[in-house]
Amino acid sequence: MFKSLLLHVPVLYERVQAWRDQRWLRQAEATGSYAQHGEDLQMAQLLKEARAHGPYVDVGCNHPFKLSNTFLLYRRGWRGLCVDPLPRFAPLYARWRPQDRFVRMAIGETAGTLPFYEFESDVLSTLDAGLAAQYQKQSYRLRATGSVQVARLDTLLERSDLQAPLSLLSIDIEGHELPALKSIDLARWRPALICLEVATADGRRNEGAIAYLAEQGYQTALDLGLNLVMRRAEGAA
């Protein structure tokens with residue numbers, strides 16, 4: 001309720017958020033991890049073992065450091081592409097991750113526009129109308145409904161100055177992971193690791209995306225319940 005009231009006073013909302021962000025950052029730095037379940041520390045170790053030094057791509061990146069799968073890598077010298085449809089994150093990336101490229105966009109198999117459901121808990125924002133309806137039934141507050149530009153990930157990568165192979169592809173887009181995976185030529189970009197949100201807040205598990213990655217030569221390296229980290233098998237096409 002307090003957040004709902006603050007959203008009607010944007011200046012005050014941003015000040016409160018900035019204070020909360022700073023407090024959250026101090027707590028995260030004390031633990032050494034910025035991700036939800038410490039997966040950033042585990043992925044950094046896997047990348048070290050694989051001697052992977054390429055860029056990362058973070059789809060549905062959300063906040064630049066809160067619950068981020070890639071901020072630890074940024075702090076350690078990696079750089080990459082961060083993609084999210086929410087405009088409020090653009091200035092935060094400019095401040096906290098100025099050497100990354102932030103693109104305000106959604107990712108899908110076909111370019112165009114799609115409806116976008118923005119929730120007060122912005123990590124739940126989604127392109128999936130059915131999932132948005134389920135979230136509302138669970139009493140999550142819908143902040144706004146609009147539309148968002150959608151691009152294939154291949155297109156954004158081709159426009160960037162990133163070079164294959166990628167070290168990490170992280171995708172967290174509330175039930176829309178499979179279309180995003182189908183928008184990138186994995187044989188060309190060859191991410192060493194793919195971190196995938198496989199369980200949404202309504203309890204669904206994205207088995208289709210998991211099966212697709214297995215077909216593409218990826219094997220489970222870490223199963224963290226909400227997130228699955230899959231590793232490119234040696235000799236994968």
# chains A, B, ... in the order shown; residues from 1 in each chain; ligands from 1
>>> select_by_dssp(residues="range 2-207 of chain A", states="alpha helix (DSSP H)", output="VMD selection string")
chain A and resid 2 to 6 10 to 31 39 to 50 71 to 75 89 to 96 129 to 137 153 to 159 177 to 181 186 to 189 207
>>> residues_around(residues="Arg75 in chain A", least_positions_apart="6", cutoff="12 Å", atoms="only C-alpha atoms", output="VMD selection string")
chain A and resid 29 32 to 34 40 to 41 44 64 to 65 68 to 69 96 to 100
>>> write_last_selection(atoms="N, CA and C atoms", output="PDB file, in the first residue's frame")
ATOM      1  N   GLU A  29      26.962  -6.239  -0.634  1.00  0.00           N
ATOM      2  CA  GLU A  29      28.431  -6.205  -0.646  1.00  0.00           C
ATOM      3  C   GLU A  29      29.004  -6.939   0.555  1.00  0.00           C
ATOM      4  N   GLY A  32      28.857 -10.482  -0.699  1.00  0.00           N
ATOM      5  CA  GLY A  32      29.621 -10.739  -1.923  1.00  0.00           C
ATOM      6  C   GLY A  32      28.780 -11.165  -3.100  1.00  0.00           C
ATOM      7  N   SER A  33      27.452 -11.272  -2.915  1.00  0.00           N
ATOM      8  CA  SER A  33      26.570 -11.715  -3.994  1.00  0.00           C
ATOM      9  C   SER A  33      25.442 -10.709  -4.185  1.00  0.00           C
ATOM     10  N   TYR A  34      25.096 -10.477  -5.456  1.00  0.00           N
ATOM     11  CA  TYR A  34      24.017  -9.551  -5.794  1.00  0.00           C
ATOM     12  C   TYR A  34      22.797 -10.283  -6.365  1.00  0.00           C
ATOM     13  N   ASP A  40      25.288 -15.786  -8.898  1.00  0.00           N
ATOM     14  CA  ASP A  40      26.360 -15.028  -9.557  1.00  0.00           C
ATOM     15  C   ASP A  40      27.735 -15.526  -9.118  1.00  0.00           C
ATOM     16  N   LEU A  41      27.884 -15.848  -7.838  1.00  0.00           N
ATOM     17  CA  LEU A  41      29.157 -16.382  -7.357  1.00  0.00           C
ATOM     18  C   LEU A  41      29.457 -17.745  -7.980  1.00  0.00           C
ATOM     19  N   ALA A  44      30.287 -17.285 -11.712  1.00  0.00           N
ATOM     20  CA  ALA A  44      31.635 -16.739 -11.877  1.00  0.00           C
ATOM     21  C   ALA A  44      32.680 -17.847 -11.765  1.00  0.00           C
ATOM     22  N   PRO A  64      20.081  -2.478 -12.060  1.00  0.00           N
ATOM     23  CA  PRO A  64      21.498  -2.741 -12.366  1.00  0.00           C
ATOM     24  C   PRO A  64      22.247  -3.574 -11.335  1.00  0.00           C
ATOM     25  N   PHE A  65      21.803  -3.578 -10.067  1.00  0.00           N
ATOM     26  CA  PHE A  65      22.512  -4.439  -9.103  1.00  0.00           C
ATOM     27  C   PHE A  65      21.594  -5.244  -8.186  1.00  0.00           C
ATOM     28  N   SER A  68      20.636  -9.017  -9.301  1.00  0.00           N
ATOM     29  CA  SER A  68      21.233  -9.068 -10.636  1.00  0.00           C
ATOM     30  C   SER A  68      22.145 -10.277 -10.790  1.00  0.00           C
ATOM     31  N   ASN A  69      22.000 -10.972 -11.909  1.00  0.00           N
ATOM     32  CA  ASN A  69      22.889 -12.096 -12.210  1.00  0.00           C
ATOM     33  C   ASN A  69      24.216 -11.657 -12.803  1.00  0.00           C
ATOM     34  N   TRP A  96      25.287   3.331 -12.648  1.00  0.00           N
ATOM     35  CA  TRP A  96      25.955   2.224 -11.986  1.00  0.00           C
ATOM     36  C   TRP A  96      26.758   1.322 -12.919  1.00  0.00           C
ATOM     37  N   ARG A  97      26.385   1.288 -14.198  1.00  0.00           N
ATOM     38  CA  ARG A  97      27.070   0.405 -15.142  1.00  0.00           C
ATOM     39  C   ARG A  97      27.295   1.132 -16.465  1.00  0.00           C
ATOM     40  N   PRO A  98      28.040   2.238 -16.417  1.00  0.00           N
ATOM     41  CA  PRO A  98      28.180   3.081 -17.612  1.00  0.00           C
ATOM     42  C   PRO A  98      28.905   2.403 -18.776  1.00  0.00           C
ATOM     43  N   GLN A  99      29.643   1.346 -18.514  1.00  0.00           N
ATOM     44  CA  GLN A  99      30.358   0.674 -19.598  1.00  0.00           C
ATOM     45  C   GLN A  99      29.576  -0.482 -20.206  1.00  0.00           C
ATOM     46  N   ASP A 100      28.380  -0.749 -19.681  1.00  0.00           N
ATOM     47  CA  ASP A 100      27.458  -1.675 -20.320  1.00  0.00           C
ATOM     48  C   ASP A 100      26.574  -0.900 -21.281  1.00  0.00           C
TER      49      ASP A 100
END
>>> residues_around(residues="range 125-127 of chain A", least_positions_apart="6", cutoff="8 Å", atoms="only C-alpha atoms", output="list in words")
Leu114, Pro115, Phe116, Tyr117, Glu118, Phe119, Ile173, Glu174, Gly175 and His176 of chain A
>>> write_last_selection(atoms="N, CA and C atoms", output="tab-separated table (two decimals), in the first residue's frame")
chain	number	residue	atom	x	y	z
A	114	LEU	N	4.22	-5.85	-28.67
A	114	LEU	CA	3.39	-6.76	-27.89
A	114	LEU	C	2.83	-6.01	-26.68
A	115	PRO	N	1.69	-6.45	-26.16
A	115	PRO	CA	1.19	-5.87	-24.91
A	115	PRO	C	2.18	-6.14	-23.78
A	116	PHE	N	2.26	-5.18	-22.87
A	116	PHE	CA	3.19	-5.30	-21.74
A	116	PHE	C	2.44	-4.96	-20.47
A	117	TYR	N	2.58	-5.84	-19.48
A	117	TYR	CA	1.88	-5.69	-18.20
A	117	TYR	C	2.91	-5.37	-17.12
A	118	GLU	N	2.86	-4.13	-16.64
A	118	GLU	CA	3.84	-3.67	-15.65
A	118	GLU	C	3.21	-3.74	-14.25
A	119	PHE	N	3.88	-4.48	-13.37
A	119	PHE	CA	3.40	-4.64	-11.99
A	119	PHE	C	4.18	-3.73	-11.05
A	173	ILE	N	12.38	-13.30	-17.94
A	173	ILE	CA	11.33	-12.47	-18.52
A	173	ILE	C	9.94	-13.07	-18.31
A	174	GLU	N	9.74	-13.66	-17.15
A	174	GLU	CA	8.42	-14.05	-16.67
A	174	GLU	C	7.60	-14.82	-17.72
A	175	GLY	N	8.05	-16.03	-18.03
A	175	GLY	CA	7.29	-16.92	-18.88
A	175	GLY	C	7.51	-16.77	-20.36
A	176	HIS	N	8.33	-15.80	-20.77
A	176	HIS	CA	8.56	-15.55	-22.21
A	176	HIS	C	9.96	-16.02	-22.64
>>> atom_distance(atom1="CA of Ala187 in chain A", atom2="CA of Ala35 in chain A")
27.4 Å
>>> closest_residue(among="A:Ala132, A:Leu81, A:Leu178, A:Leu226", to="Ile210 in chain A", atoms="only C-alpha atoms")
A:Leu178
>>> closest_atom_pairs(of="range 41-140 of chain A", to="range 188-209 of chain A", cutoff="7 Å", atoms="only C-alpha atoms", output="tab-separated table")
residue	atom	partner	partner_atom	distance
A:Ala52	CA	A:Ala192	CA	7.0
A:Gln134	CA	A:Asp202	CA	6.7
A:Tyr135	CA	A:Asp202	CA	6.7
>>> select_by_dssp(residues="range 62-209 of chain A", states="strand (DSSP E or B)", output="ChimeraX atom specification")
/A:80-84,101-104,106-107,112-119,126,142-151,168-171,193-197,199,205
>>> write_last_selection(atoms="N, CA and C atoms", output="compact mmCIF listing (two decimals), in the first residue's frame")
# COMPACT_ATOMS: atom_id res chain seq x y z
N GLY A 80 28.92 -6.04 -21.17
CA GLY A 80 27.95 -6.68 -22.03
C GLY A 80 26.75 -5.82 -22.36
N LEU A 81 25.69 -6.51 -22.74
CA LEU A 81 24.44 -5.91 -23.21
C LEU A 81 23.34 -6.23 -22.21
N CYS A 82 22.61 -5.22 -21.76
CA CYS A 82 21.52 -5.39 -20.81
C CYS A 82 20.24 -4.88 -21.44
N VAL A 83 19.19 -5.71 -21.40
CA VAL A 83 17.95 -5.42 -22.12
C VAL A 83 16.77 -5.50 -21.17
N ASP A 84 15.93 -4.46 -21.17
CA ASP A 84 14.73 -4.46 -20.33
C ASP A 84 13.75 -3.43 -20.88
N ARG A 101 25.98 -1.62 -22.24
CA ARG A 101 25.00 -1.01 -23.11
C ARG A 101 23.61 -1.44 -22.65
N PHE A 102 22.77 -0.46 -22.30
CA PHE A 102 21.39 -0.74 -21.90
C PHE A 102 20.46 -0.42 -23.05
N VAL A 103 19.58 -1.38 -23.39
CA VAL A 103 18.61 -1.19 -24.45
C VAL A 103 17.22 -1.38 -23.88
N ARG A 104 16.36 -0.37 -24.07
CA ARG A 104 14.98 -0.48 -23.61
C ARG A 104 14.18 -1.20 -24.70
N ALA A 106 11.93 -5.28 -25.47
CA ALA A 106 11.60 -6.65 -25.10
C ALA A 106 12.16 -7.57 -26.18
N ILE A 107 12.38 -8.82 -25.82
CA ILE A 107 12.96 -9.79 -26.75
C ILE A 107 11.91 -10.85 -27.08
N GLY A 112 8.39 -6.60 -33.57
CA GLY A 112 7.12 -5.90 -33.67
C GLY A 112 6.78 -5.25 -32.35
N THR A 113 5.52 -5.30 -31.96
CA THR A 113 5.08 -4.80 -30.66
C THR A 113 4.20 -5.85 -30.00
N LEU A 114 4.22 -5.85 -28.67
CA LEU A 114 3.39 -6.76 -27.89
C LEU A 114 2.83 -6.01 -26.68
N PRO A 115 1.69 -6.45 -26.16
CA PRO A 115 1.19 -5.87 -24.91
C PRO A 115 2.18 -6.14 -23.78
N PHE A 116 2.26 -5.18 -22.87
CA PHE A 116 3.19 -5.30 -21.74
C PHE A 116 2.44 -4.96 -20.47
N TYR A 117 2.58 -5.84 -19.48
CA TYR A 117 1.88 -5.69 -18.20
C TYR A 117 2.91 -5.37 -17.12
N GLU A 118 2.86 -4.13 -16.64
CA GLU A 118 3.84 -3.67 -15.65
C GLU A 118 3.21 -3.74 -14.25
N PHE A 119 3.88 -4.48 -13.37
CA PHE A 119 3.40 -4.64 -11.99
C PHE A 119 4.18 -3.73 -11.05
N THR A 126 5.51 -8.52 -17.31
CA THR A 126 5.52 -9.62 -18.26
C THR A 126 4.83 -9.26 -19.56
N LEU A 142 -1.25 -4.58 -10.50
CA LEU A 142 -0.87 -4.16 -11.85
C LEU A 142 -0.74 -2.65 -11.86
N ARG A 143 0.42 -2.16 -12.27
CA ARG A 143 0.66 -0.71 -12.30
C ARG A 143 0.16 -0.09 -13.59
N ALA A 144 0.43 -0.73 -14.73
CA ALA A 144 0.05 -0.16 -16.02
C ALA A 144 0.05 -1.25 -17.08
N THR A 145 -0.75 -1.03 -18.10
CA THR A 145 -0.76 -1.89 -19.27
C THR A 145 -0.48 -1.03 -20.49
N GLY A 146 0.44 -1.47 -21.33
CA GLY A 146 0.77 -0.71 -22.52
C GLY A 146 1.31 -1.64 -23.59
N SER A 147 2.14 -1.10 -24.43
CA SER A 147 2.78 -1.92 -25.46
C SER A 147 4.27 -1.63 -25.46
N VAL A 148 5.05 -2.56 -25.98
CA VAL A 148 6.50 -2.42 -25.97
C VAL A 148 7.06 -2.94 -27.29
N GLN A 149 8.13 -2.32 -27.73
CA GLN A 149 8.81 -2.78 -28.93
C GLN A 149 9.52 -4.10 -28.64
N VAL A 150 9.42 -5.01 -29.58
CA VAL A 150 10.04 -6.34 -29.45
C VAL A 150 11.04 -6.52 -30.57
N ALA A 151 12.22 -7.04 -30.24
CA ALA A 151 13.25 -7.33 -31.24
C ALA A 151 13.78 -8.73 -31.02
N LEU A 168 28.07 -15.50 -20.88
CA LEU A 168 26.82 -15.78 -20.18
C LEU A 168 25.66 -15.14 -20.90
N LEU A 169 24.58 -15.90 -21.04
CA LEU A 169 23.28 -15.37 -21.47
C LEU A 169 22.32 -15.60 -20.31
N SER A 170 21.83 -14.51 -19.72
CA SER A 170 20.89 -14.60 -18.61
C SER A 170 19.52 -14.12 -19.10
N ILE A 171 18.48 -14.92 -18.89
CA ILE A 171 17.14 -14.57 -19.35
C ILE A 171 16.15 -14.74 -18.20
N LEU A 193 27.53 -20.30 -20.68
CA LEU A 193 26.49 -20.58 -19.69
C LEU A 193 25.21 -19.85 -20.08
N ILE A 194 24.08 -20.48 -19.79
CA ILE A 194 22.79 -19.82 -19.91
C ILE A 194 22.07 -19.96 -18.58
N CYS A 195 21.74 -18.82 -17.99
CA CYS A 195 20.99 -18.80 -16.74
C CYS A 195 19.55 -18.43 -17.09
N LEU A 196 18.64 -19.31 -16.72
CA LEU A 196 17.26 -19.19 -17.16
C LEU A 196 16.33 -19.25 -15.97
N GLU A 197 15.43 -18.25 -15.85
CA GLU A 197 14.38 -18.38 -14.85
C GLU A 197 13.39 -19.42 -15.35
N ALA A 199 10.94 -20.95 -13.18
CA ALA A 199 9.73 -21.02 -12.36
C ALA A 199 9.20 -19.61 -12.14
N ARG A 205 6.55 -24.15 -14.19
CA ARG A 205 7.94 -24.41 -14.54
C ARG A 205 8.06 -24.47 -16.06
>>> closest_residue(among="A:Tyr56, A:Tyr212, A:Phe89, A:Phe71", to="Ser167 in chain A", atoms="only C-alpha atoms")
A:Tyr56
>>> residues_around(residues="Gln45 in chain A", least_positions_apart="2", cutoff="12 Å", atoms="only C-alpha atoms", output="list of chain:residue names")
A:Gly38, A:Glu39, A:Asp40, A:Leu41, A:Gln42, A:Met43, A:Leu47, A:Lys48, A:Glu49, A:Ala50, A:Arg51, A:Ala52, A:Leu72, A:Leu73, A:Ser167, A:Leu193, A:Ala221, A:Leu222
>>> closest_residue(among="A:Thr70, A:Asn227, A:Ser121, A:Gln27", to="Arg141 in chain A", atoms="only C-alpha atoms")
A:Ser121
>>> closest_residue(among="A:Pro91, A:Leu67, A:His53, A:Val59", to="Glu14 in chain A", atoms="only C-alpha atoms")
A:Pro91
>>> atom_distance(atom1="CA of Glu177 in chain A", atom2="CA of Lys66 in chain A")
20.5 Å
